[in-house]
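The block underneath contains the structure these notes are about, expressed in structure tokens.
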Amino acid sequence: MAEMVKKATRESYGEALAELSEKYPQVVVLDADLAAATKTGVFKKACPDRFIDCGISECNMVGVAAGLATCGKIPFATSFAMFSAGRAFEQVRNSVGYPKLNVKIVGSHAGISVGEDGATHQCNEDIALMRTIPGMVVLNPADHYEMKAAVKAAIEHHGPVYLRLGRLAVESFNNADDYRFELGKGVTLRDGRNITIVATGLMVSRALKAVKTLEEQGIDARLINIHTIKPLDRELIIKAAKETGKIITVEEHNVIGGLGDAVCGAVCEAFPVPVIKVGVNDVYGHSGPAVDLLDEFGLNAGHIVEVTKKAITKQSL
Amino acid sequence: MNKTEKNQLQKLACKVRMGAIEGVYNAKSGHPGGSLSAADLFTYLYFREMKIDPKNPKEENRDRFVLSKGHCAPGLYATLALKGYFPMEEMKKLRHIGAMLQGHPDMKGTPGVDMSTGSLGQGVSAACGMAAAGKMDHKDYRVYSILGDGEIEEGQVWEAAMFAAHHKLDNLCLIVDNNGLQIDGSVAEVGGPEPIDEKFRSFGFDVQVINGHDFDEIEAAFHHARTVKGRPSAIIAKTVKGKDVSFMENQVGWHGTAPNAEQYETAMQDLNRVLSGLEAE
Ligand SMILES: Cc1ncc(C[n+]2csc(CCOP(=O)(O)OP(=O)(O)O)c2C)c(N)n1
């Protein structure tokens, strides 16, 4: 049994890069003056020759990464999600996505849990942006072990990948020894029959708490962890729709364009059931401590429990 | 300016620094280093240079200010408070839930903030827009914007610079807070934007290089900028990041870190010493 670590996924990311550096000599890490915050500094220390600080120039960084990729490198272009996925969106689409280059775009400090920096830094749109780029794989790992596995999977997958990291420390729930990460495959954390909760990233551990509370109250909820938002594990989601009926999606992202919409898209086509989306309700965030903000925006176990109970008792939604 | 006037400004700048430290300390996060380096520039702009009225923050003929390096909001907020836009007490709630003072400037919620900023490199484009509107409407207001020397690594800054010169925005004055440091190290190590003056000159700006902590030089530069016709102005102000707080001066580590209780005490002692020195003059 591995120890239960409490760590921000950005830290796990930095660690993973450093640990894997020897095995994958083509990996090059780029940052835009945020190496201390995004934890690419850990890689820089291990492999200074394969680290490039581009300065505060995210669009340029993505273009440079594209060029590196054409020469056989596997670049990880890293900044806050707001800047790597947001500011450099067009460069990601046209210089990375369209030529299908082997570039990993990394968005750290994603979501409302950036906290005190406030709305300009709280990216609740990155999943939507990256998901619409054809061929882009979108990863949103939930804990320390999953992040480490995801970094390895991103290296081994040939093609564009978006990797989302969080600033806030999260308790791990996976186990280092037996955790197997499979790109594009959801993980059923609890097998329930009454309803299905589909969660991603930071919200998975919170959904896990909610499922435990629901269990105590006699509600048998299934919990699926979606670490790969694209390509989505449609098979698993549609099976859940068939077996449990209603679905609740939970994400630290705008309810428009994220996991919720991806799940809606899948069930809508194959087996329509009600899907209730828990996320940021198409508003901007503001400054405050991360945990308080998550509470304020309903991104906690208590709110997931409430929404689930309401969904179950309502006959038709 | 005479000695008394200068002393007055120096005291105000010291209070701006105290307010910024107060805010960052209470928020337990935020950006002290660049707030302190720009404090003298904020002070001169708000107390000497700009045509503004804190009682009427949206007056349409007012001069405009854009803090393009939005992370230095604590310095701007302390200046706005001293100028009378809102009570200094607000600094204690900086970055708290529901606070008027957000982590980065928010034009929707804070009187005196002309543009929301925080994503580096974007503010100067908005400043260009304000200056262009002033030209269209034949208004004589001026537009000022403070940029970071790290910030100017953003390509958008140079798109805006080209625009400003092309459209002959002589009502626009950019001030680069040239403190030589960014987050990952010195600007020379990380992004290498120097020589900054030559770059702006080649983009068609009138350029002055000054000591950003010397009010005589600051005054002379802004006076000169107002006389420039047919092109925008850039003032490259050489400054010290973390200025006047002993342990923060020229330290990369104090870019975005809040002081703990002990460090807060030391910082306030340092600044109080500066203030009482000025009061004794
Ligand atoms: C587009 C963008 N990229 C990155 C950041 C993160 N960031 C905040 S401050 C900063 C360094 C700024 O350095 P500089 O402009 O020199 O400011 P100063 O030293 O005066 O504080 C960075 C990279 C940001 N706010 N916006």
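Ligands are numbered from 1 in the order shown, chains are lettered A, B, ... in the order of the structure tokens, and residues start at 1 in each chain.
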Which chains and residue numbers are within 8 Å of ligand 1, counting only C-alpha atoms and all ligand atoms, if I want them as number ranges by chain? A: 32-34, 55-58, 79-80, 82-83, 87, 121; B: 31-35, 37-38, 69-72, 118-122, 147-152, 154, 177-183, 187, 241, 255-256
Could you give me, as number ranges by chain, each residue of stretch 223-262 of chain B that DSSP assigns to helix (DSSP H, G or I) when run on this structure's backbone? B: 223-227, 252-254, 261-262
Residue nearest chain B among A:Met4, A:Val29, A:Ala119, A:Leu214 (counting only C-alpha atoms): A:Ala119
Counting only C-alpha atoms, which residues of chain B fall within 6 Å of chain A, and what is the closest atom pair for each with its distance in Å at one decimal, ordered by chain and rising number, as JSON lines?
```
{"residue": "B:Arg95", "atom": "CA", "partner": "A:Ser287", "partner_atom": "CA", "distance": 5.0}
{"residue": "B:His96", "atom": "CA", "partner": "A:Gly288", "partner_atom": "CA", "distance": 4.8}
{"residue": "B:Ile97", "atom": "CA", "partner": "A:Gly288", "partner_atom": "CA", "distance": 4.5}
{"residue": "B:Gln102", "atom": "CA", "partner": "A:Ser287", "partner_atom": "CA", "distance": 5.6}
{"residue": "B:Gly103", "atom": "CA", "partner": "A:Asp117", "partner_atom": "CA", "distance": 4.5}
{"residue": "B:Gly118", "atom": "CA", "partner": "A:Thr120", "partner_atom": "CA", "distance": 5.9}
{"residue": "B:Glu153", "atom": "CA", "partner": "A:Ile56", "partner_atom": "CA", "distance": 5.4}
{"residue": "B:Glu154", "atom": "CA", "partner": "A:Ser57", "partner_atom": "CA", "distance": 4.7}
{"residue": "B:Ile183", "atom": "CA", "partner": "A:Asp33", "partner_atom": "CA", "distance": 5.8}
{"residue": "B:Asp184", "atom": "CA", "partner": "A:Asp33", "partner_atom": "CA", "distance": 5.3}
{"residue": "B:Val190", "atom": "CA", "partner": "A:Gly55", "partner_atom": "CA", "distance": 5.4}
{"residue": "B:Gly191", "atom": "CA", "partner": "A:Gly55", "partner_atom": "CA", "distance": 4.6}
```
Let's see if you can do this: from backbone DSSP, list all strand (DSSP E or B) residues in stretch 149-284 of chain A, as a ChimeraX atom specification. /A:161-164,170-171,187-190,195-199,221-225,228-230,247-254,275-280
Take the residues that were just selected and, keeping N, CA, C and O atoms, output them as a short mmCIF file (atom, residue, chain, number, x, y, z; two decimals), in the first residue's frame.
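And here's selection39.cif as it stands now:
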```
data_model
loop_
_atom_site.label_atom_id
_atom_site.label_comp_id
_atom_site.auth_asym_id
_atom_site.auth_seq_id
_atom_site.Cartn_x
_atom_site.Cartn_y
_atom_site.Cartn_z
N VAL A 161 -0.84 17.06 -26.99
CA VAL A 161 -1.54 16.75 -25.75
C VAL A 161 -1.66 18.03 -24.93
O VAL A 161 -0.73 18.83 -24.88
N TYR A 162 -2.81 18.22 -24.31
CA TYR A 162 -2.96 19.29 -23.31
C TYR A 162 -3.05 18.64 -21.94
O TYR A 162 -3.82 17.71 -21.72
N LEU A 163 -2.22 19.12 -21.02
CA LEU A 163 -2.17 18.55 -19.68
C LEU A 163 -2.51 19.65 -18.67
O LEU A 163 -1.84 20.68 -18.63
N ARG A 164 -3.53 19.39 -17.86
CA ARG A 164 -4.00 20.42 -16.92
C ARG A 164 -3.48 20.14 -15.51
O ARG A 164 -3.61 19.03 -15.00
N VAL A 170 -3.92 18.31 -3.19
CA VAL A 170 -5.07 17.39 -3.09
C VAL A 170 -4.59 16.05 -2.51
O VAL A 170 -3.47 15.61 -2.78
N GLU A 171 -5.46 15.45 -1.72
CA GLU A 171 -5.12 14.14 -1.18
C GLU A 171 -5.17 13.09 -2.27
O GLU A 171 -6.09 13.06 -3.07
N VAL A 187 -11.93 5.65 -15.20
CA VAL A 187 -11.70 4.71 -14.10
C VAL A 187 -12.94 4.70 -13.20
O VAL A 187 -13.34 5.75 -12.70
N THR A 188 -13.54 3.51 -13.04
CA THR A 188 -14.69 3.43 -12.14
C THR A 188 -14.18 3.27 -10.71
O THR A 188 -13.57 2.26 -10.36
N LEU A 189 -14.40 4.29 -9.91
CA LEU A 189 -13.89 4.26 -8.53
C LEU A 189 -14.89 3.61 -7.59
O LEU A 189 -14.52 3.06 -6.57
N ARG A 190 -16.18 3.69 -7.90
CA ARG A 190 -17.25 3.07 -7.11
C ARG A 190 -18.29 2.54 -8.09
O ARG A 190 -18.69 3.25 -8.99
N ILE A 195 -27.35 6.08 -9.62
CA ILE A 195 -26.99 7.28 -10.40
C ILE A 195 -25.49 7.25 -10.66
O ILE A 195 -24.76 6.57 -9.93
N THR A 196 -25.02 7.98 -11.68
CA THR A 196 -23.57 8.01 -11.93
C THR A 196 -23.04 9.43 -11.77
O THR A 196 -23.63 10.38 -12.30
N ILE A 197 -21.95 9.54 -11.04
CA ILE A 197 -21.25 10.82 -10.95
C ILE A 197 -19.96 10.68 -11.78
O ILE A 197 -19.19 9.75 -11.56
N VAL A 198 -19.78 11.60 -12.72
CA VAL A 198 -18.57 11.59 -13.54
C VAL A 198 -17.77 12.83 -13.16
O VAL A 198 -18.25 13.95 -13.30
N ALA A 199 -16.57 12.63 -12.63
CA ALA A 199 -15.78 13.77 -12.16
C ALA A 199 -14.42 13.78 -12.82
O ALA A 199 -13.97 12.78 -13.37
N ALA A 221 -24.32 5.41 -5.44
CA ALA A 221 -23.88 6.17 -6.61
C ALA A 221 -22.61 5.58 -7.21
O ALA A 221 -21.70 5.19 -6.50
N ARG A 222 -22.60 5.54 -8.52
CA ARG A 222 -21.39 5.10 -9.22
C ARG A 222 -20.49 6.32 -9.39
O ARG A 222 -20.98 7.42 -9.62
N LEU A 223 -19.19 6.13 -9.27
CA LEU A 223 -18.29 7.25 -9.50
C LEU A 223 -17.25 6.90 -10.56
O LEU A 223 -16.52 5.93 -10.43
N ILE A 224 -17.22 7.72 -11.58
CA ILE A 224 -16.24 7.53 -12.66
C ILE A 224 -15.27 8.70 -12.68
O ILE A 224 -15.69 9.86 -12.66
N ASN A 225 -14.00 8.38 -12.69
CA ASN A 225 -12.96 9.40 -12.81
C ASN A 225 -12.55 9.49 -14.28
O ASN A 225 -12.05 8.53 -14.86
N THR A 228 -8.98 11.50 -18.90
CA THR A 228 -8.82 11.89 -20.30
C THR A 228 -10.16 12.43 -20.80
O THR A 228 -11.10 11.67 -20.99
N ILE A 229 -10.23 13.73 -20.94
CA ILE A 229 -11.49 14.32 -21.40
C ILE A 229 -11.64 14.14 -22.90
O ILE A 229 -12.73 14.03 -23.42
N LYS A 230 -10.52 14.07 -23.57
CA LYS A 230 -10.55 13.80 -25.01
C LYS A 230 -9.34 12.94 -25.38
O LYS A 230 -8.23 13.35 -25.05
N ILE A 247 -27.09 11.11 -14.86
CA ILE A 247 -25.64 11.34 -14.70
C ILE A 247 -25.41 12.75 -14.14
O ILE A 247 -26.10 13.70 -14.53
N ILE A 248 -24.46 12.84 -13.24
CA ILE A 248 -24.03 14.16 -12.76
C ILE A 248 -22.56 14.33 -13.13
O ILE A 248 -21.75 13.43 -12.90
N THR A 249 -22.23 15.45 -13.73
CA THR A 249 -20.81 15.69 -14.05
C THR A 249 -20.26 16.75 -13.10
O THR A 249 -20.98 17.67 -12.72
N VAL A 250 -19.00 16.60 -12.72
CA VAL A 250 -18.40 17.51 -11.75
C VAL A 250 -17.02 17.94 -12.22
O VAL A 250 -16.13 17.12 -12.45
N GLU A 251 -16.83 19.25 -12.37
CA GLU A 251 -15.55 19.75 -12.87
C GLU A 251 -15.27 21.15 -12.33
O GLU A 251 -16.19 21.92 -12.05
N GLU A 252 -14.00 21.47 -12.24
CA GLU A 252 -13.59 22.82 -11.84
C GLU A 252 -13.33 23.60 -13.12
O GLU A 252 -12.19 23.89 -13.49
N HIS A 253 -14.40 23.95 -13.79
CA HIS A 253 -14.32 24.52 -15.14
C HIS A 253 -15.69 25.10 -15.43
O HIS A 253 -16.68 24.72 -14.79
N ASN A 254 -15.77 25.98 -16.38
CA ASN A 254 -17.09 26.48 -16.79
C ASN A 254 -17.96 25.29 -17.21
O ASN A 254 -17.47 24.35 -17.84
N VAL A 275 -28.49 14.80 -17.80
CA VAL A 275 -27.14 15.05 -17.30
C VAL A 275 -27.17 16.39 -16.55
O VAL A 275 -27.57 17.40 -17.13
N ILE A 276 -26.82 16.35 -15.29
CA ILE A 276 -26.80 17.59 -14.49
C ILE A 276 -25.34 17.99 -14.30
O ILE A 276 -24.52 17.20 -13.86
N LYS A 277 -25.05 19.26 -14.63
CA LYS A 277 -23.64 19.68 -14.61
C LYS A 277 -23.31 20.48 -13.36
O LYS A 277 -23.92 21.52 -13.11
N VAL A 278 -22.33 20.02 -12.60
CA VAL A 278 -21.80 20.79 -11.48
C VAL A 278 -20.47 21.38 -11.95
O VAL A 278 -19.58 20.64 -12.39
N GLY A 279 -20.35 22.70 -11.88
CA GLY A 279 -19.13 23.39 -12.33
C GLY A 279 -19.30 24.87 -12.09
O GLY A 279 -20.19 25.29 -11.34
N VAL A 280 -18.47 25.65 -12.72
CA VAL A 280 -18.60 27.10 -12.60
C VAL A 280 -19.68 27.54 -13.59
O VAL A 280 -19.58 27.26 -14.78
#
```
Using only C-alpha atoms, determine which residues lie at most 10 Å from B:Leu94, disregarding the query and same-chain residues fewer than 2 positions distant; provide the list as a ChimeraX atom specification. /A:116,287-288 /B:20,22-30,73-74,77,89-92,96-104
Which residues are near stretch 62-65 of chain A? Cut-off 7 Å, only C-alpha atoms, ignore same chain within fewer than 4 positions. Put them as a list in words. Glu58, Ala69, Pro75, Ala77, Gln91, Val92, Ser95 and Val103 of chain A
Quick one: write out the picked residues with all heavy atoms as a PDB file, in the first residue's frame?
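What follows is the written file out38.pdb:
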```pdb
ATOM      1  N   GLU A  58       4.362  33.746 -24.031  1.00  0.00           N
ATOM      2  CA  GLU A  58       3.722  32.439 -24.151  1.00  0.00           C
ATOM      3  C   GLU A  58       3.451  32.046 -25.601  1.00  0.00           C
ATOM      4  O   GLU A  58       3.574  30.874 -25.965  1.00  0.00           O
ATOM      5  CB  GLU A  58       2.421  32.416 -23.337  1.00  0.00           C
ATOM      6  CG  GLU A  58       2.621  32.621 -21.833  1.00  0.00           C
ATOM      7  CD  GLU A  58       2.843  34.071 -21.429  1.00  0.00           C
ATOM      8  OE1 GLU A  58       2.668  34.960 -22.287  1.00  0.00           O
ATOM      9  OE2 GLU A  58       3.193  34.333 -20.265  1.00  0.00           O
ATOM     10  N   ALA A  69       9.641  20.353 -31.940  1.00  0.00           N
ATOM     11  CA  ALA A  69       8.998  19.072 -32.247  1.00  0.00           C
ATOM     12  C   ALA A  69       9.308  18.618 -33.666  1.00  0.00           C
ATOM     13  O   ALA A  69       9.476  17.415 -33.914  1.00  0.00           O
ATOM     14  CB  ALA A  69       7.490  19.175 -32.035  1.00  0.00           C
ATOM     15  N   PRO A  75       8.641  18.550 -26.701  1.00  0.00           N
ATOM     16  CA  PRO A  75       8.599  19.714 -25.833  1.00  0.00           C
ATOM     17  C   PRO A  75       7.360  19.746 -24.929  1.00  0.00           C
ATOM     18  O   PRO A  75       6.256  19.405 -25.370  1.00  0.00           O
ATOM     19  CB  PRO A  75       8.565  20.894 -26.808  1.00  0.00           C
ATOM     20  CG  PRO A  75       8.269  20.324 -28.141  1.00  0.00           C
ATOM     21  CD  PRO A  75       8.305  18.840 -28.092  1.00  0.00           C
ATOM     22  N   ALA A  77       5.533  22.630 -23.200  1.00  0.00           N
ATOM     23  CA  ALA A  77       5.434  24.087 -23.101  1.00  0.00           C
ATOM     24  C   ALA A  77       4.503  24.432 -21.942  1.00  0.00           C
ATOM     25  O   ALA A  77       3.303  24.185 -22.009  1.00  0.00           O
ATOM     26  CB  ALA A  77       4.910  24.667 -24.408  1.00  0.00           C
ATOM     27  N   GLN A  91      -1.857  29.967 -31.552  1.00  0.00           N
ATOM     28  CA  GLN A  91      -0.576  29.304 -31.845  1.00  0.00           C
ATOM     29  C   GLN A  91      -0.689  27.801 -31.584  1.00  0.00           C
ATOM     30  O   GLN A  91      -0.148  26.996 -32.329  1.00  0.00           O
ATOM     31  CB  GLN A  91       0.541  29.908 -30.983  1.00  0.00           C
ATOM     32  CG  GLN A  91       1.075  31.248 -31.486  1.00  0.00           C
ATOM     33  CD  GLN A  91       0.176  32.436 -31.169  1.00  0.00           C
ATOM     34  OE1 GLN A  91      -0.865  32.303 -30.536  1.00  0.00           O
ATOM     35  NE2 GLN A  91       0.568  33.605 -31.615  1.00  0.00           N
ATOM     36  N   VAL A  92      -1.419  27.444 -30.532  1.00  0.00           N
ATOM     37  CA  VAL A  92      -1.601  26.020 -30.246  1.00  0.00           C
ATOM     38  C   VAL A  92      -2.391  25.368 -31.391  1.00  0.00           C
ATOM     39  O   VAL A  92      -2.049  24.291 -31.875  1.00  0.00           O
ATOM     40  CB  VAL A  92      -2.341  25.798 -28.904  1.00  0.00           C
ATOM     41  CG1 VAL A  92      -2.637  24.319 -28.687  1.00  0.00           C
ATOM     42  CG2 VAL A  92      -1.524  26.331 -27.734  1.00  0.00           C
ATOM     43  N   SER A  95      -0.027  26.102 -34.999  1.00  0.00           N
ATOM     44  CA  SER A  95       1.369  25.634 -35.072  1.00  0.00           C
ATOM     45  C   SER A  95       1.575  24.265 -34.447  1.00  0.00           C
ATOM     46  O   SER A  95       2.587  23.615 -34.683  1.00  0.00           O
ATOM     47  CB  SER A  95       2.316  26.637 -34.390  1.00  0.00           C
ATOM     48  OG  SER A  95       2.278  27.877 -35.042  1.00  0.00           O
ATOM     49  N   VAL A 103       3.780  18.076 -29.490  1.00  0.00           N
ATOM     50  CA  VAL A 103       4.004  19.090 -28.450  1.00  0.00           C
ATOM     51  C   VAL A 103       3.026  18.868 -27.309  1.00  0.00           C
ATOM     52  O   VAL A 103       1.843  18.596 -27.548  1.00  0.00           O
ATOM     53  CB  VAL A 103       3.809  20.516 -29.026  1.00  0.00           C
ATOM     54  CG1 VAL A 103       3.893  21.560 -27.919  1.00  0.00           C
ATOM     55  CG2 VAL A 103       4.834  20.798 -30.122  1.00  0.00           C
TER      56      VAL A 103
END
```
Pick out the residues sitting within 12 Å of stretch 214-219 of chain B, and hand them over as an MDAnalysis selection string; count only C-alpha atoms, and ignore anything fewer than 6 positions along from it in its own chain. chainID B and resid 1:13 37:45 47:50 175 208 225:226 235:240
May I have the residues within 12 Å of B:Gln263 as a VMD selection string, using only C-alpha atoms and disregarding those fewer than 4 positions away in the same chain? chain B and resid 21 to 22 24 to 25 245 to 248 254 257 to 259 267 to 270
Using only C-alpha atoms for the distances, tell me which of A:Asp177, A:Glu235, A:Asp261, A:Glu215 is nearest to A:Ile127.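 For A:Ile127, the nearest of the candidates is A:Asp261.
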Record the distance separating atom CA of A:Ile105 and atom CA of A:Asp282, expressed in Å with one decimal.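 Separation of atom CA of A:Ile105 and atom CA of A:Asp282: 24.3 Å.
Distance check against A:Val291 using only C-alpha atoms: of A:Met61, A:Ala270, A:Leu202, A:Ala18, the minimum falls on A:Leu202.
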